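S.K.: What follows is the file final.txt, containing compact mmCIF, C-alpha atoms:
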# COMPACT_ATOMS: atom_id res chain seq x y z
CA MET N 31 0.00 0.00 0.00
CA ILE N 32 2.81 2.36 0.90
CA GLU N 33 4.54 1.59 -2.38
CA VAL N 34 1.31 2.42 -4.24
CA GLU N 35 1.00 5.79 -2.48
CA ARG N 36 4.60 6.60 -3.30
CA PHE N 37 4.01 5.64 -6.89
CA ILE N 38 0.92 7.85 -7.15
CA LEU N 39 2.76 10.84 -5.58
CA ILE N 40 5.76 10.37 -7.77
CA GLY N 41 3.52 10.23 -10.80
CA CYS N 42 1.77 13.46 -9.72
CA LEU N 43 5.00 15.34 -9.23
CA LEU N 44 6.44 14.08 -12.47
CA GLN N 45 3.42 15.08 -14.46
CA ALA N 46 3.14 18.70 -13.22
CA SER N 47 4.81 21.32 -11.04
CA PRO N 48 3.29 21.86 -7.62
CA PRO N 49 0.95 24.85 -7.30
CA LYS N 50 2.34 28.17 -6.11
CA PRO N 51 1.81 29.12 -2.47
CA LYS N 52 -0.79 31.78 -1.77
CA LEU N 53 0.19 35.00 0.06
CA THR N 54 -2.34 37.17 1.88
CA PRO N 55 -2.68 40.04 1.71
CA GLU N 56 -1.40 40.33 -1.81
CA LYS N 57 -0.26 43.93 -1.23
CA VAL N 58 1.15 45.33 2.01
CA GLU N 59 1.31 49.04 2.91
CA VAL N 60 2.00 49.68 6.55
CA MET N 61 3.14 52.60 8.69
CA GLU N 62 6.57 52.37 10.26
CA GLY N 63 6.44 51.14 13.83
CA THR N 64 3.21 49.18 13.45
CA SER N 65 2.77 45.41 13.41
CA ALA N 66 2.32 43.59 10.11
CA SER N 67 1.31 39.97 9.36
CA LEU N 68 1.68 37.88 6.21
CA SER N 69 0.07 34.48 5.68
CA CYS N 70 1.31 31.81 3.27
CA SER N 71 -0.53 28.59 2.41
CA ALA N 72 0.39 25.70 0.07
CA ALA N 73 -1.62 22.66 -1.04
CA ALA N 74 -0.74 19.30 0.51
CA PRO N 75 -1.82 16.59 -1.97
CA CYS N 76 -0.16 13.99 0.21
CA PRO N 77 -0.94 14.74 3.86
CA LYS N 78 1.66 12.23 5.00
CA LEU N 79 4.38 14.25 3.22
CA PRO N 80 3.19 17.88 3.50
CA PRO N 81 5.27 20.69 1.96
CA ASN N 82 7.70 22.62 4.08
CA LEU N 83 7.20 26.46 4.03
CA THR N 84 10.05 28.96 4.47
CA TRP N 85 10.19 32.79 4.45
CA THR N 86 12.91 34.88 2.84
CA PRO N 87 14.08 37.01 4.51
CA SER N 88 13.16 35.52 7.81
CA LEU N 89 11.89 38.57 9.68
CA SER N 90 10.66 36.53 12.65
CA ASP N 91 9.98 32.97 13.75
CA SER N 92 7.09 31.14 12.08
CA VAL N 93 5.42 27.72 12.51
CA ASP N 94 3.86 25.53 9.79
CA GLN N 95 0.40 24.13 10.39
CA LEU N 96 -1.43 21.42 8.44
CA GLN N 97 -5.11 22.21 8.03
CA GLU N 98 -8.14 20.91 6.19
CA ASN N 99 -9.93 23.18 3.76
CA ASP N 100 -13.68 23.51 3.22
CA ASP N 101 -13.46 21.22 0.18
CA GLN N 102 -11.76 18.58 2.40
CA THR N 103 -8.38 19.09 0.72
CA LYS N 104 -5.32 19.55 2.86
CA SER N 105 -2.94 22.57 2.98
CA VAL N 106 -0.07 23.85 5.04
CA SER N 107 -0.06 27.45 6.28
CA SER N 108 2.51 29.75 7.91
CA VAL N 109 2.10 33.24 9.43
CA LEU N 110 4.93 35.80 9.53
CA THR N 111 4.45 38.69 12.02
CA PHE N 112 6.91 41.58 12.36
CA THR N 113 7.18 45.27 13.30
CA ALA N 114 7.54 47.41 10.19
CA SER N 115 10.67 49.51 9.78
CA HIS N 116 11.75 51.96 7.11
CA LEU N 117 14.50 49.43 6.39
CA HIS N 118 11.80 46.99 5.20
CA HIS N 119 10.46 49.40 2.59
CA GLY N 120 10.86 48.00 -0.91
CA GLN N 121 12.00 44.64 0.42
CA LYS N 122 10.89 41.49 -1.43
CA ILE N 123 9.27 38.87 0.81
CA THR N 124 9.13 35.30 -0.56
CA CYS N 125 7.24 32.25 0.68
CA ARG N 126 8.70 28.98 -0.64
CA ALA N 127 7.04 25.55 -0.57
CA LEU N 128 9.30 22.51 -0.73
CA TYR N 129 7.73 19.16 -1.75
CA LYS N 130 9.65 15.90 -1.28
CA LEU N 131 8.92 12.16 -1.09
CA GLN N 132 11.60 11.23 1.35
CA GLN N 133 15.06 12.46 2.19
CA GLY N 134 17.32 12.03 -0.79
CA ASP N 135 14.47 11.38 -3.23
CA ILE N 136 12.85 13.62 -5.80
CA GLN N 137 11.81 17.14 -4.59
CA LYS N 138 10.31 20.21 -6.17
CA THR N 139 9.80 23.81 -5.03
CA SER N 140 7.35 26.53 -5.74
CA ASN N 141 7.31 30.12 -4.42
CA THR N 142 5.36 33.38 -4.34
CA SER N 143 6.67 36.90 -3.55
CA LEU N 144 5.44 40.39 -2.73
CA THR N 145 7.13 43.75 -2.09
CA LEU N 146 6.62 45.56 1.21
CA ARG N 147 5.60 49.20 1.19
CA VAL N 148 6.38 50.97 4.46
CA LEU N 149 5.37 54.59 5.08
CA TYR N 150 7.75 56.76 7.16
CA PRO N 151 8.88 60.38 7.70
CA PRO N 152 12.22 61.76 6.39
CA LYS N 153 15.32 59.87 7.51
CA ASN N 154 19.08 60.48 7.19
CA THR N 155 18.67 64.09 6.02
CA SER N 156 22.00 65.60 4.95
CA VAL N 157 23.54 68.48 2.98
CA SER N 158 26.15 68.20 0.22
CA ILE N 159 28.19 71.09 -1.20
CA SER N 160 29.11 71.68 -4.84
CA PRO N 161 31.85 72.35 -5.70
CA SER N 162 33.18 70.23 -2.87
CA GLY N 163 36.01 71.42 -0.68
CA SER N 164 36.86 75.10 -0.28
CA VAL N 165 35.13 77.91 -2.17
CA LEU N 166 36.45 81.34 -3.05
CA GLU N 167 34.72 84.35 -1.57
CA GLY N 168 32.32 85.80 -4.16
CA SER N 169 32.04 82.57 -6.20
CA SER N 170 28.86 80.53 -6.74
CA VAL N 171 28.05 77.50 -4.59
CA THR N 172 25.15 75.02 -4.54
CA LEU N 173 23.87 73.20 -1.45
CA THR N 174 21.77 70.06 -2.01
CA CYS N 175 19.45 68.55 0.60
CA SER N 176 19.03 64.76 0.52
CA SER N 177 16.61 62.67 2.58
CA ASN N 178 15.10 59.18 2.61
CA ALA N 179 11.30 59.26 3.03
CA ASN N 180 8.12 57.48 1.88
CA PRO N 181 6.26 59.12 0.39
CA PRO N 182 9.14 61.26 -0.95
CA VAL N 183 9.91 64.62 0.64
CA GLN N 184 7.38 67.24 -0.38
CA HIS N 185 8.98 70.39 1.09
CA TYR N 186 12.59 71.48 1.59
CA THR N 187 13.45 74.60 3.62
CA TRP N 188 16.91 76.16 4.02
CA TYR N 189 18.19 77.99 7.09
CA LYS N 190 21.26 80.13 7.74
CA VAL N 191 22.78 80.26 11.23
CA ASN N 192 24.82 83.30 12.24
CA GLY N 193 25.71 83.06 15.92
CA THR N 194 22.40 82.77 17.80
CA GLU N 195 20.38 84.12 14.86
CA ILE N 196 18.59 81.70 12.49
CA ASN N 197 17.04 82.95 9.23
CA THR N 198 15.15 81.21 6.40
CA VAL N 199 17.12 81.69 3.18
CA GLY N 200 15.35 79.51 0.62
CA THR N 201 13.18 76.54 -0.35
CA GLY N 202 13.60 73.61 -2.72
CA GLN N 203 16.04 70.72 -2.76
CA ASP N 204 18.90 72.90 -4.09
CA LEU N 205 20.09 76.27 -2.77
CA THR N 206 22.44 78.22 -5.07
CA PHE N 207 23.98 81.55 -4.06
CA SER N 208 27.09 83.70 -4.30
CA VAL N 209 29.42 83.11 -1.36
CA PRO N 210 29.10 86.16 0.93
CA GLU N 211 31.87 88.10 2.57
CA TYR N 212 33.23 85.86 5.27
CA SER N 213 32.05 86.69 8.79
CA GLY N 214 33.51 83.65 10.53
CA SER N 215 30.34 81.99 11.87
CA GLU N 216 27.87 81.37 9.01
CA GLN N 217 26.39 77.86 8.84
CA TYR N 218 23.58 76.27 6.83
CA TYR N 219 21.14 73.39 7.29
CA CYS N 220 17.99 72.10 5.59
CA GLU N 221 14.64 70.75 6.76
CA ALA N 222 12.92 67.91 4.85
CA GLN N 223 9.20 67.27 5.29
CA ASN N 224 6.49 64.89 4.07
CA LYS N 225 2.97 64.21 5.40
CA HIS N 226 4.30 61.85 8.07
CA GLY N 227 6.84 64.21 9.64
CA LYS N 228 10.01 66.26 9.15
CA GLU N 229 13.71 66.14 9.98
CA ASN N 230 16.61 68.61 10.02
CA SER N 231 20.08 67.95 8.66
CA THR N 232 23.19 68.71 10.64
CA THR N 233 24.71 72.15 9.98
CA VAL N 234 27.48 72.61 7.43
CA GLN N 235 29.99 75.46 7.35
CA LEU N 236 31.50 76.59 4.08
CA ASP N 237 35.28 76.60 3.84
CA ILE N 238 35.53 80.11 2.38
CA LYS N 239 38.92 81.22 1.05
CA TYR N 240 39.57 84.97 1.27
CA MET N 241 42.43 87.41 1.23
CA PRO N 242 43.76 88.88 4.51
CA ARG N 243 41.78 91.59 6.27
CA ILE N 244 43.74 93.84 8.61
CA SER N 245 41.87 95.16 11.63
CA ASP N 246 41.59 98.92 12.08
CA SER N 247 42.65 98.41 15.68
CA GLY N 248 46.34 98.41 14.67
CA SER N 249 48.25 101.18 16.46
CA CYS N 250 51.62 102.44 17.73
CA SER N 251 52.86 103.97 20.96
CA ARG N 252 56.16 105.74 21.51
CA THR N 253 58.39 106.72 24.40
CA ALA N 254 61.86 108.19 24.53
CA ALA N 255 63.25 104.64 24.80
CA GLU N 256 61.22 102.66 22.23
CA THR N 257 58.38 102.48 19.75
CA SER N 258 55.84 99.63 19.95
CA CYS N 259 53.29 98.75 17.25
CA SER N 260 50.73 95.95 16.82
CA CYS N 261 48.77 94.70 13.81
CA GLU N 262 46.04 92.03 13.56
CA SER N 263 44.92 90.21 10.41
CA ARG N 264 42.52 87.41 9.44
CA GLY N 265 42.41 85.36 6.26
CA ASN N 266 41.89 81.86 4.86
CA PRO N 267 44.39 80.31 4.43
CA SER N 268 45.89 81.76 7.59
CA PRO N 269 47.97 84.84 6.62
CA SER N 270 51.57 85.76 7.29
CA MET N 271 52.64 89.21 8.48
CA GLU N 272 55.63 91.44 7.86
CA TRP N 273 56.67 94.98 8.77
CA HIS N 274 58.20 97.69 6.58
CA VAL N 275 59.94 100.72 8.07
CA SER N 276 60.65 103.58 5.66
CA GLY N 277 60.12 101.18 2.75
CA LEU N 278 62.46 98.44 4.03
CA ARG N 279 61.35 95.08 5.38
CA VAL N 280 62.08 94.58 9.08
CA THR N 281 63.84 91.44 10.29
CA ASN N 282 64.25 90.32 13.89
CA SER N 283 67.27 91.92 15.55
CA THR N 284 68.38 93.33 18.87
CA ASP N 285 67.04 96.76 18.00
CA ARG N 286 63.87 95.58 16.28
CA VAL N 287 61.97 92.67 17.80
CA ILE N 288 58.97 90.99 16.10
CA SER N 289 56.62 88.68 18.01
CA GLU N 290 53.54 86.83 16.69
CA GLU N 291 50.43 85.24 18.20
CA GLN N 292 48.12 82.84 16.32
CA LEU N 293 44.41 83.71 16.63
CA GLY N 294 42.51 80.50 15.91
CA ASN N 295 42.83 78.95 12.44
CA THR N 296 42.53 82.15 10.43
CA GLY N 297 44.00 84.98 12.54
CA LEU N 298 47.43 86.39 13.38
CA ARG N 299 48.57 89.22 15.63
CA SER N 300 52.05 90.66 15.10
CA SER N 301 53.90 93.12 17.34
CA LEU N 302 56.98 95.20 16.52
CA THR N 303 59.18 96.84 19.15
CA MET N 304 61.93 99.24 18.07
CA ARG N 305 64.01 99.56 21.19
CA HIS N 306 65.87 102.77 20.31
CA SER N 307 64.36 106.10 19.42
CA GLN N 308 64.63 107.13 15.83
CA GLY N 309 66.20 110.39 14.84
CA ASP N 310 63.40 110.95 12.35
CA THR N 311 59.83 109.68 12.59
CA PRO N 312 59.80 106.72 10.15
CA THR N 313 56.91 105.59 7.98
CA LEU N 314 55.59 102.21 9.16
CA LEU N 315 53.64 99.66 7.11
CA CYS N 316 51.97 96.41 8.24
CA LEU N 317 51.67 93.93 5.32
CA SER N 318 49.60 90.70 5.51
CA THR N 319 49.67 88.01 2.79
CA ASN N 320 48.20 84.60 1.93
CA THR N 321 47.73 82.59 -1.29
CA ILE N 322 44.59 84.57 -2.19
CA GLY N 323 46.08 88.07 -1.95
CA SER N 324 47.49 90.69 0.39
CA SER N 325 46.51 93.86 2.22
CA SER N 326 48.40 96.54 4.12
CA LEU N 327 47.86 99.18 6.78
CA ARG N 328 49.97 102.33 7.26
CA LEU N 329 50.41 103.12 10.94
CA HIS N 330 50.94 106.56 12.47
CA ILE N 331 53.82 106.85 14.92
CA PRO N 332 53.10 109.63 17.47
CA CYS N 333 55.70 112.16 18.56
CA PRO N 334 57.43 111.52 21.89
CA GLN N 335 55.37 112.37 24.96
CA GLN N 336 56.05 116.03 25.83
CA HIS N 337 56.61 117.50 29.31
CA SER N 338 53.45 118.88 30.82
CA GLY N 339 55.06 122.27 31.42
CA LEU N 340 56.26 122.70 27.83
CA GLN N 341 53.56 121.77 25.34
CA SER N 342 55.08 123.18 22.13
CA PRO N 343 58.23 124.77 20.70
CA ALA N 344 56.27 128.01 20.30
CA LEU N 345 56.03 128.26 24.09
CA CYS N 346 59.82 127.99 24.31
CA TYR N 347 60.23 130.95 21.98
CA VAL N 348 57.77 133.01 24.03
CA ILE N 349 59.71 132.29 27.22
CA ILE N 350 63.02 133.23 25.59
CA ALA N 351 61.56 136.47 24.23
CA ALA N 352 60.14 137.36 27.64
CA LEU N 353 63.47 136.59 29.24
CA ILE N 354 65.39 138.86 26.88
CA CYS N 355 62.90 141.65 27.48
CA LEU N 356 63.24 141.24 31.25
CA LEU N 357 67.03 141.32 31.06
CA SER N 358 67.04 144.40 28.91
CA ARG N 359 64.88 146.29 31.41
CA ARG N 360 67.01 145.29 34.35
CA LEU N 361 70.20 146.25 32.59
CA LYS N 362 68.88 149.72 31.89
CA GLY N 363 68.18 150.33 35.57
CA GLY N 364 71.00 148.19 36.98
CA ARG N 365 73.84 148.90 39.41
CA ASP N 366 77.60 148.41 39.31
CA GLY N 367 78.89 144.96 39.97
CA ASP N 368 77.71 141.61 38.87
CA THR N 369 74.32 141.51 37.26
CA TYR N 370 72.15 138.42 37.29
CA ALA N 371 68.88 137.49 35.76
CA SER N 372 66.65 134.53 36.52
CA LEU N 373 63.28 133.14 35.65
CA GLN N 374 61.41 131.01 38.16
CA LEU N 375 59.80 127.95 36.52
CA PRO N 376 58.26 125.83 39.26
CA ASN N 377 58.43 122.05 39.06
CA ILE N 378 60.85 121.98 36.15
CA SER N 379 63.25 119.07 36.16
CA PRO N 380 66.99 119.75 35.74
CA GLU N 381 66.89 118.68 32.11
CA TYR N 382 64.59 121.63 31.41
CA ASP N 383 66.75 124.37 33.16
CA VAL N 384 66.77 127.11 30.59
CA LEU N 385 68.99 129.85 32.01
CA GLN N 386 72.60 130.19 33.07
CA THR N 387 74.17 133.01 35.12
CA LEU N 388 75.15 135.97 33.02
CA PRO N 389 78.87 136.82 33.11
CA SER N 390 79.93 139.86 35.16
CA ALA N 391 80.16 143.02 33.09
CA SER N 392 79.55 146.71 33.27
CA THR N 393 76.56 148.51 31.87
CA GLU N 394 78.68 149.95 29.11
CA ASP N 395 79.89 146.47 28.16
CA PHE N 396 76.33 145.32 27.70
CA LYS N 397 75.53 148.36 25.66
CA SER N 398 78.55 147.94 23.45
CA GLN N 399 78.67 144.16 23.21
CA GLY N 400 75.03 143.33 23.55
CA VAL N 401 73.56 140.74 25.85
CA ALA N 402 74.91 137.21 25.70
CA LEU N 403 72.58 134.39 26.85
CA MET N 404 73.52 130.81 27.44
CA VAL N 405 70.44 128.62 26.96
CA LYS N 406 70.16 124.85 27.12
CA THR N 407 68.28 122.89 24.46
CA TRP N 408 64.84 121.50 25.26
CA ARG N 409 64.28 117.84 24.66
CA PHE N 410 60.77 116.57 24.01
CA LYS N 411 59.43 113.15 24.89
Could you quickly redo this structure as structure tokens?
M.R.:
Amino acid sequence: MIEVERFILIGCLLQASPPKPKLTPEKVEVMEGTSASLSCSAAAPCPKLPPNLTWTPSLSDSVDQLQENDDQTKSVSSVLTFTASHLHHGQKITCRALYKLQQGDIQKTSNTSLTLRVLYPPKNTSVSISPSGSVLEGSSVTLTCSSNANPPVQHYTWYKVNGTEINTVGTGQDLTFSVPEYSGSEQYYCEAQNKHGKENSTTVQLDIKYMPRISDSGSCSRTAAETSCSCESRGNPSPSMEWHVSGLRVTNSTDRVISEEQLGNTGLRSSLTMRHSQGDTPTLLCLSTNTIGSSSLRLHIPCPQQHSGLQSPALCYVIIAALICLLSRRLKGGRDGDTYASLQLPNISPEYDVLQTLPSASTEDFKSQGVALMVKTWRFK
């Protein structure tokens, strides 16, 4: 009897291919995060050797069950239950039925497939820059927003971040603009949205190349002993700095000392100290250079600090004239013997003493020879 059954089954399998398994539902559209179930059933013409059902990919465990249909035929069914993810979207799910007589004997397979459709909000939103890498200030650049969503993204919005301020600068998947003057903190990001939600990209900062910009804060100070100047510049690539005194480039020496301080990735501060006073006030130029270009700033070197009691050379001349007038009057009404003249200048340091004792002479000598004054030279700081 067993041999007869085997003969009948073999004859059935040799005459035709086994029927395809049946998948229900035939189409699957499910929201991400919800539970989904698929059922697969295959006919079992020989209940003693029912088909074996397998799922590809195997999203979860499943168990085959032999059941009797309404028409008293037999079938095997399997249920696959899983939680839908955006990673499942577009994935092909296959149920395969394997028929065999006994291990090592003749076997045949039949399968049925469907494609999952999972609905989800934007995922993995990002921004790309074209041209890639650094961009030259004033050139054109395009930012592209990319996102994975189902249904596809319906709205793109672009934002510009400047410090704590955020402004909307455009819509659409691409944003094209002329690179602005570099301010050091401008960043961009996009927002992607469909009917199931929205997501922001991370911010991107343009690598803007620009020529050095020298700060107006550069200045000089001067004393009787030395002159000190400072100059600050920013550029990308980071600039270099050099000094020119009276048209000649300055190099580090005992009399002229240059020191530099790096200010982040794009800034440089340079200081110049000329340790000895100059006979003449030199012209001083700060020059900053990088591969994009160069800029310069001419610095004003102030005169030495002057004594509070003597504010200008004109005052010196007034004092001398007054002194001569005073001496002339005293000589006219003088007496025999030594004659002296003096001018009291309170709080004047010895280096500003302006009068020496007049030599002894008679009134006639002064009239005939004139008045001789010995005056020291004023020095100004």
S.K.: Give me, as a tab-separated table, each residue of region 195-242 of chain N that comes within 7 Å of region 157-169 of chain N, together with its shortest interatomic pair and the distance in Å at one decimal, counting all atoms listed in the file, with rows ordered by chain and rising residue number.
M.R.:
residue	atom	partner	partner_atom	distance
N:Ser208	CA	N:Ser169	CA	5.4
N:Val209	CA	N:Gly168	CA	4.8
N:Pro210	CA	N:Gly168	CA	6.0
N:Glu211	CA	N:Glu167	CA	6.3
N:Tyr219	CA	N:Val157	CA	7.0
N:Ser231	CA	N:Val157	CA	6.7
N:Asp237	CA	N:Ser164	CA	4.7
N:Ile238	CA	N:Val165	CA	5.1
N:Lys239	CA	N:Leu166	CA	4.8
N:Tyr240	CA	N:Glu167	CA	5.7
S.K.: For a test of reading the model, state the distance in Å between CA of Asn320 (chain N) and CA of Arg286 (chain N), rounded to one decimal.
M.R.: 23.9 Å
S.K.: At what distance in Å, to one decimal, does CA of Asn282 (chain N) lie from CA of Ser301 (chain N)?
M.R.: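 CA of Asn282 (chain N) lies 11.3 Å from CA of Ser301 (chain N).
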S.K.: Give as a ChimeraX atom specification every residue, naming chains and numbers as the document does, that has an atom within 8 Å of (-0.6, 36.3, 0.0), counting all atoms listed in the file.
M.R.: /N:51-57,68-70,142,144
S.K.: Mind giving me the axis-aligned box for region 163-167 of chain N with 5 Å on every side, centre plus edges in Å to one decimal, as AutoDock Vina command-line options?
M.R.:
--center_x 35.8 --center_y 77.9 --center_z -1.7 --size_x 12.1 --size_y 22.9 --size_z 12.8
S.K.: Quick one, how far is CA of Glu229 (chain N) from CA of Ser177 (chain N)?
M.R.: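 Interatomic distance, CA of Glu229 (chain N) to CA of Ser177 (chain N): 8.7 Å.
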S.K.: Distance cut-off 12 Å, centre (53.6, 99.3, 23.7) in file coordinates, counting all atoms listed in the file: which residues qualify? Return them as number ranges by chain.
M.R.: N: 248-253, 255-261, 301-305, 331
S.K.: Counting all atoms listed in the file, what is within 6 Å of Ala114 (chain N), bar same-chain residues fewer than 4 positions away, as a list of chain:residue names?
M.R.: N:Glu62, N:Gly63, N:Thr64
S.K.: Out of N:Gly294, N:Gly193, N:Pro182, N:Gly200, which residue has the shortest atom-to-atom distance to Asn224 (chain N) when counting all atoms listed in the file?
M.R.: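 Using all atoms listed in the file, the shortest distance to Asn224 (chain N) belongs to N:Pro182.
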S.K.: Need to verify the contact set: Thr103 (chain N), 9 Å, only C-alpha atoms, exclusion of same-chain residues closer than 4 positions in sequence. Can you return it as a list in words?
M.R.: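 Selected residues are Ala73, Ala74, Pro75, Gln97, Glu98 and Asn99 of chain N.
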S.K.: So, with all atoms listed in the file as the atoms that count, which of N:Cys76, N:Leu278, N:Met241, N:Ile136 lies closest to Ser325 (chain N)?
M.R.: N:Met241
S.K.: Using only C-alpha atoms for the distances, tell me which of N:Leu236, N:Leu173, N:Ile123, N:Val183 is nearest to Phe207 (chain N).
M.R.: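 Of N:Leu236, N:Leu173, N:Ile123, N:Val183, the one nearest Phe207 (chain N), counting only C-alpha atoms, is N:Leu173.
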S.K.: So, with only C-alpha atoms as the atoms that count, which of N:Ser170, N:Ser71, N:Gln184, N:Thr194 lies closest to His226 (chain N)?
M.R.: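 Once distances to His226 (chain N) are computed over only C-alpha atoms, the minimum belongs to N:Gln184.
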S.K.: Might you pull out every residue within 10 Å of Pro181 (chain N), with only C-alpha atoms counted and same-chain residues fewer than 2 positions away left off, and present them as a short mmCIF file (atom, residue, chain, number, x, y, z; two decimals) with C-alpha atoms, keeping the file's coordinate frame?
M.R.:
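Once written, part.cif looks like this:
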data_model
loop_
_atom_site.label_atom_id
_atom_site.label_comp_id
_atom_site.auth_asym_id
_atom_site.auth_seq_id
_atom_site.Cartn_x
_atom_site.Cartn_y
_atom_site.Cartn_z
CA ARG N 147 5.60 49.20 1.19
CA VAL N 148 6.38 50.97 4.46
CA LEU N 149 5.37 54.59 5.08
CA TYR N 150 7.75 56.76 7.16
CA PRO N 151 8.88 60.38 7.70
CA PRO N 152 12.22 61.76 6.39
CA ASN N 178 15.10 59.18 2.61
CA ALA N 179 11.30 59.26 3.03
CA VAL N 183 9.91 64.62 0.64
CA GLN N 184 7.38 67.24 -0.38
CA GLN N 223 9.20 67.27 5.29
CA ASN N 224 6.49 64.89 4.07
CA LYS N 225 2.97 64.21 5.40
CA HIS N 226 4.30 61.85 8.07
#
S.K.: List the neighbours of Arg279 (chain N) out to 12 Å using only C-alpha atoms; skip same-chain residues closer than 4 positions along the sequence, and give me the result as a PyMOL selection string.
M.R.: chain N and resi 271-275+286+288+302+313-317
S.K.: Choose the residue, out of N:Pro267, N:Gly202, N:Pro48, N:Gly297, that has the smallest atom-to-atom separation from Cys175 (chain N); count only C-alpha atoms.
M.R.: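 When distances to Cys175 (chain N) are compared using only C-alpha atoms, the smallest one comes from N:Gly202.
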S.K.: How would region 193-206 of chain N look with N, CA and C atoms restored, written as an mmCIF file, keeping the file's coordinate frame?
M.R.:
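New file selection13.cif:
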data_model
loop_
_atom_site.group_PDB
_atom_site.id
_atom_site.type_symbol
_atom_site.label_atom_id
_atom_site.label_comp_id
_atom_site.auth_asym_id
_atom_site.auth_seq_id
_atom_site.Cartn_x
_atom_site.Cartn_y
_atom_site.Cartn_z
ATOM 1 N N GLY N 193 25.706 82.910 14.471
ATOM 2 C CA GLY N 193 25.710 83.060 15.920
ATOM 3 C C GLY N 193 24.447 82.441 16.495
ATOM 4 N N THR N 194 23.666 83.245 17.228
ATOM 5 C CA THR N 194 22.400 82.770 17.800
ATOM 6 C C THR N 194 21.218 83.078 16.895
ATOM 7 N N GLU N 195 21.451 83.720 15.765
ATOM 8 C CA GLU N 195 20.380 84.120 14.860
ATOM 9 C C GLU N 195 20.191 83.074 13.754
ATOM 10 N N ILE N 196 18.928 82.665 13.522
ATOM 11 C CA ILE N 196 18.590 81.700 12.490
ATOM 12 C C ILE N 196 17.587 82.337 11.533
ATOM 13 N N ASN N 197 17.908 82.339 10.227
ATOM 14 C CA ASN N 197 17.040 82.950 9.230
ATOM 15 C C ASN N 197 16.750 81.956 8.103
ATOM 16 N N THR N 198 15.516 82.001 7.582
ATOM 17 C CA THR N 198 15.150 81.210 6.400
ATOM 18 C C THR N 198 15.730 81.890 5.165
ATOM 19 N N VAL N 199 16.462 81.101 4.350
ATOM 20 C CA VAL N 199 17.120 81.690 3.180
ATOM 21 C C VAL N 199 16.671 81.081 1.860
ATOM 22 N N GLY N 200 15.806 80.067 1.885
ATOM 23 C CA GLY N 200 15.350 79.510 0.620
ATOM 24 C C GLY N 200 14.534 78.242 0.795
ATOM 25 N N THR N 201 13.938 77.797 -0.313
ATOM 26 C CA THR N 201 13.180 76.540 -0.350
ATOM 27 C C THR N 201 13.615 75.741 -1.568
ATOM 28 N N GLY N 202 13.202 74.472 -1.608
ATOM 29 C CA GLY N 202 13.600 73.610 -2.720
ATOM 30 C C GLY N 202 14.773 72.735 -2.345
ATOM 31 N N GLN N 203 14.977 71.671 -3.093
ATOM 32 C CA GLN N 203 16.040 70.720 -2.760
ATOM 33 C C GLN N 203 17.427 71.327 -2.912
ATOM 34 N N ASP N 204 17.601 72.255 -3.861
ATOM 35 C CA ASP N 204 18.900 72.900 -4.090
ATOM 36 C C ASP N 204 18.842 74.366 -3.685
ATOM 37 N N LEU N 205 19.944 74.860 -3.117
ATOM 38 C CA LEU N 205 20.090 76.270 -2.770
ATOM 39 C C LEU N 205 21.382 76.765 -3.406
ATOM 40 N N THR N 206 21.272 77.682 -4.374
ATOM 41 C CA THR N 206 22.440 78.220 -5.070
ATOM 42 C C THR N 206 22.562 79.703 -4.762
#
